[in-house]
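Undergrad: Sharing a structure, written as structure tokens. Questions coming.
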Amino acid sequence: MKVLPFKIPKPENVTLYVQHYKGENFYEKLHQHKEIQISLIAEGEGTYIIGDCVGEFKKNDVFVIGEDLPHIFKRDASIEAETEMVSLFFSKNSYGEGFFNLPEFEHTQDFFNEVGLGLIIQSNKKSLYTLLSKIKNVSKYDQFTSFLEIMRLISDAEKQSLSSLINLKKYAGNEGKRMSDIFQYTMNNYHNDISLAQVSDIANMTPNAFCRYFKQRTNKTFVNFLIDIRIGNACKLLTKNNDLNITEISYKSGFNNLANFNRKFKSIKGITPSDYRKKH
């Protein structure tokens, strides 16, 4: 099974490919593709990995993923609602080479400069939701005009860059499968004890070789990657489940020591778990 790269199954002669997915899970394999991707989370919650960034997604989130940027969206199985995502796939040259260099698109230049590391949109979300949720049901011409408005709204919006990777790597073949297996195992088992010996076995490497391999490809150690996933789950529990106290949340997120959980949480989020719960 060669997971990466992933080929978007769009028909021939399609400039803008609109994909509507609804079901129990998104495509849950680490993958990358040549197209830029704009995605609206219409329903569902879970964890995303984009480049070397780990975070939580929820309904109404809008993401922009640059070309060949490895990513994965994994649904939270504890949420009963189906997941739903509307995505647009395109390239800078979809409408002809130089189209977005026309003077009328001067405002989009920052978009193409910023998209490489992935973006999460923080404003104009209501207008984006309206356009993206309807775009699958309109004519090709209306999809084109809606796409231009979506590009304008994203270009003008407040947004946050996601990945910190400077030299993005194209995974291929067996290496793509190896990274996907590592990510999948971690996301499925973060609440349990995970040793370097266990995860290096999945990568078919010695622990020392695995540590070097993972750091070179993700810009962070495996231990820090695992902590990011655990803290992300803790944030979700702190905001969603008031029946659980801080100690219970720390254990459900994979921490065996409350003091260590509090220390790691504050280091990453800047506030204590208790203050995070009050704030959100």
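Chain labels run A, B, ... following the order of the structure tokens; each chain numbers its residues from 1, and ligands are numbered from 1 in the order shown.
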Quick one: residues within 10 Å of A:Asp193, only C-alpha atoms, excluding same-chain residues fewer than 3 positions away - as a ChimeraX atom specification?
TA: /A:189-190,198,254-256
Undergrad: In stretch 174-264 of chain A, what's alpha helix (DSSP H) per DSSP? Answer as a count of residues only?
TA: 68
Undergrad: For A:Leu153, please output as a VMD selection string all residues within 9 Å (counting only C-alpha atoms; exclusion window: fewer than 5 positions along the same chain).
TA: chain A and resid 123 to 125 127 to 128 148
Undergrad: Restrict the selected residues to all heavy atoms and save them as a JSON list (two decimals), in the first residue's frame.
TA:
[["chain", "number", "residue", "atom", "x", "y", "z"],
["A", 123, "SER", "N", -11.27, 34.62, 10.46],
["A", 123, "SER", "CA", -12.35, 35.60, 10.28],
["A", 123, "SER", "C", -13.01, 35.36, 8.92],
["A", 123, "SER", "O", -12.55, 34.52, 8.14],
["A", 123, "SER", "CB", -11.81, 37.03, 10.38],
["A", 123, "SER", "OG", -10.90, 37.31, 9.32],
["A", 124, "ASN", "N", -14.10, 36.10, 8.66],
["A", 124, "ASN", "CA", -14.89, 35.90, 7.43],
["A", 124, "ASN", "C", -15.46, 34.48, 7.33],
["A", 124, "ASN", "O", -15.83, 34.02, 6.25],
["A", 124, "ASN", "CB", -14.06, 36.18, 6.16],
["A", 124, "ASN", "CG", -13.68, 37.64, 6.03],
["A", 124, "ASN", "OD1", -14.31, 38.51, 6.63],
["A", 124, "ASN", "ND2", -12.65, 37.93, 5.25],
["A", 125, "LYS", "N", -15.56, 33.79, 8.46],
["A", 125, "LYS", "CA", -15.96, 32.38, 8.44],
["A", 125, "LYS", "C", -17.42, 32.19, 8.09],
["A", 125, "LYS", "O", -17.79, 31.21, 7.43],
["A", 125, "LYS", "CB", -15.63, 31.74, 9.79],
["A", 125, "LYS", "CG", -14.14, 31.63, 10.06],
["A", 125, "LYS", "CD", -13.84, 31.12, 11.45],
["A", 125, "LYS", "CE", -14.24, 29.68, 11.62],
["A", 125, "LYS", "NZ", -13.78, 29.12, 12.91],
["A", 127, "SER", "N", -19.29, 34.03, 6.03],
["A", 127, "SER", "CA", -19.43, 34.16, 4.58],
["A", 127, "SER", "C", -18.82, 32.98, 3.84],
["A", 127, "SER", "O", -19.37, 32.49, 2.85],
["A", 127, "SER", "CB", -18.78, 35.47, 4.11],
["A", 127, "SER", "OG", -19.42, 36.59, 4.68],
["A", 128, "LEU", "N", -17.67, 32.51, 4.34],
["A", 128, "LEU", "CA", -17.03, 31.35, 3.72],
["A", 128, "LEU", "C", -17.89, 30.10, 3.86],
["A", 128, "LEU", "O", -18.01, 29.30, 2.93],
["A", 128, "LEU", "CB", -15.65, 31.13, 4.34],
["A", 128, "LEU", "CG", -14.57, 32.12, 3.91],
["A", 128, "LEU", "CD1", -13.34, 32.01, 4.81],
["A", 128, "LEU", "CD2", -14.17, 31.89, 2.45],
["A", 148, "LEU", "N", -13.92, 32.73, -6.86],
["A", 148, "LEU", "CA", -13.23, 34.02, -6.82],
["A", 148, "LEU", "C", -13.56, 34.79, -5.54],
["A", 148, "LEU", "O", -12.69, 35.43, -4.94],
["A", 148, "LEU", "CB", -13.60, 34.85, -8.05],
["A", 148, "LEU", "CG", -13.16, 34.30, -9.41],
["A", 148, "LEU", "CD1", -13.54, 35.28, -10.52],
["A", 148, "LEU", "CD2", -11.66, 34.03, -9.44]]
Undergrad: Which neighbours of A:Ile49 fall inside 6 Å, counting only C-alpha atoms, when residues of the same chain fewer than 2 positions from it are skipped, and could you give them as a list in words?
TA: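 Near neighbours after the sequence-gap exclusion: Cys53, Val54, His71 and Ile72 of chain A.
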Undergrad: Output N, CA and C atoms of each residue in that selection to a file, as an mmCIF file, in the first residue's frame.
TA:
data_model
loop_
_atom_site.group_PDB
_atom_site.id
_atom_site.type_symbol
_atom_site.label_atom_id
_atom_site.label_comp_id
_atom_site.auth_asym_id
_atom_site.auth_seq_id
_atom_site.Cartn_x
_atom_site.Cartn_y
_atom_site.Cartn_z
ATOM 1 N N CYS A 53 2.317 20.417 12.252
ATOM 2 C CA CYS A 53 1.364 21.006 13.194
ATOM 3 C C CYS A 53 0.284 19.994 13.556
ATOM 4 N N VAL A 54 0.046 19.839 14.854
ATOM 5 C CA VAL A 54 -1.008 18.967 15.355
ATOM 6 C C VAL A 54 -2.054 19.834 16.045
ATOM 7 N N HIS A 71 -0.778 15.868 5.124
ATOM 8 C CA HIS A 71 -1.848 16.178 6.067
ATOM 9 C C HIS A 71 -2.753 14.976 6.279
ATOM 10 N N ILE A 72 -3.494 15.052 7.372
ATOM 11 C CA ILE A 72 -4.456 14.002 7.719
ATOM 12 C C ILE A 72 -5.501 14.605 8.652
#
Undergrad: As a list of chain:residue names, please: the residues near A:Thr83 (cut-off 6 Å, only C-alpha atoms, same-chain neighbours under 2 positions excluded).
TA: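 Answer for this query is A:Lys22, A:Gly23, A:Glu24, A:Glu43, A:Gly44.
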Undergrad: Can you list, as a ChimeraX atom specification, all residues belonging to stretch 91-205 of chain A that DSSP tags as strand (DSSP E)?
TA: /A:119-121,159-161
Undergrad: Output C-alpha atoms for every residue in that selection, as a PDB file, in the first residue's frame.
TA:
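Full text of selection25.pdb as output:
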ATOM      1  CA  LEU A 119      -3.594  28.030   7.042  1.00  0.00           C
ATOM      2  CA  ILE A 120      -6.569  27.998   9.363  1.00  0.00           C
ATOM      3  CA  ILE A 121      -8.964  30.885   8.737  1.00  0.00           C
ATOM      4  CA  LYS A 159      -5.476  33.590   9.433  1.00  0.00           C
ATOM      5  CA  GLN A 160      -2.895  31.515  11.223  1.00  0.00           C
ATOM      6  CA  SER A 161      -0.061  29.614   9.591  1.00  0.00           C
TER       7      SER A 161
END
Undergrad: Out of A:Val115, A:Gly55, A:Gln19, A:Tyr276, which residue has the shortest atom-to-atom distance to A:Lys134 when counting only C-alpha atoms?
TA: A:Gln19
Undergrad: Which neighbours of A:His280 fall inside 12 Å, counting only C-alpha atoms, when residues of the same chain fewer than 2 positions from it are skipped, and could you give them as a PDB file with C-alpha atoms, in the first residue's frame?
TA:
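Wrote around.pdb, looks like this:
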ATOM      1  CA  CYS A 235      -8.141  20.646  25.320  1.00  0.00           C
ATOM      2  CA  LYS A 236     -11.133  18.958  23.742  1.00  0.00           C
ATOM      3  CA  LEU A 237     -12.075  17.205  26.987  1.00  0.00           C
ATOM      4  CA  LEU A 238     -11.636  20.404  29.007  1.00  0.00           C
ATOM      5  CA  THR A 239     -14.125  22.243  26.811  1.00  0.00           C
ATOM      6  CA  LYS A 240     -16.545  19.390  26.099  1.00  0.00           C
ATOM      7  CA  ASN A 241     -16.806  17.348  29.286  1.00  0.00           C
ATOM      8  CA  ASN A 242     -17.425  19.140  32.569  1.00  0.00           C
ATOM      9  CA  ILE A 271      -2.087  28.764  30.728  1.00  0.00           C
ATOM     10  CA  PRO A 273      -5.661  23.385  32.317  1.00  0.00           C
ATOM     11  CA  SER A 274      -8.016  24.935  34.902  1.00  0.00           C
ATOM     12  CA  ASP A 275      -7.663  28.399  33.393  1.00  0.00           C
ATOM     13  CA  TYR A 276      -8.094  26.955  29.888  1.00  0.00           C
ATOM     14  CA  ARG A 277     -11.381  25.363  30.953  1.00  0.00           C
ATOM     15  CA  LYS A 278     -12.624  28.669  32.436  1.00  0.00           C
TER      16      LYS A 278
END
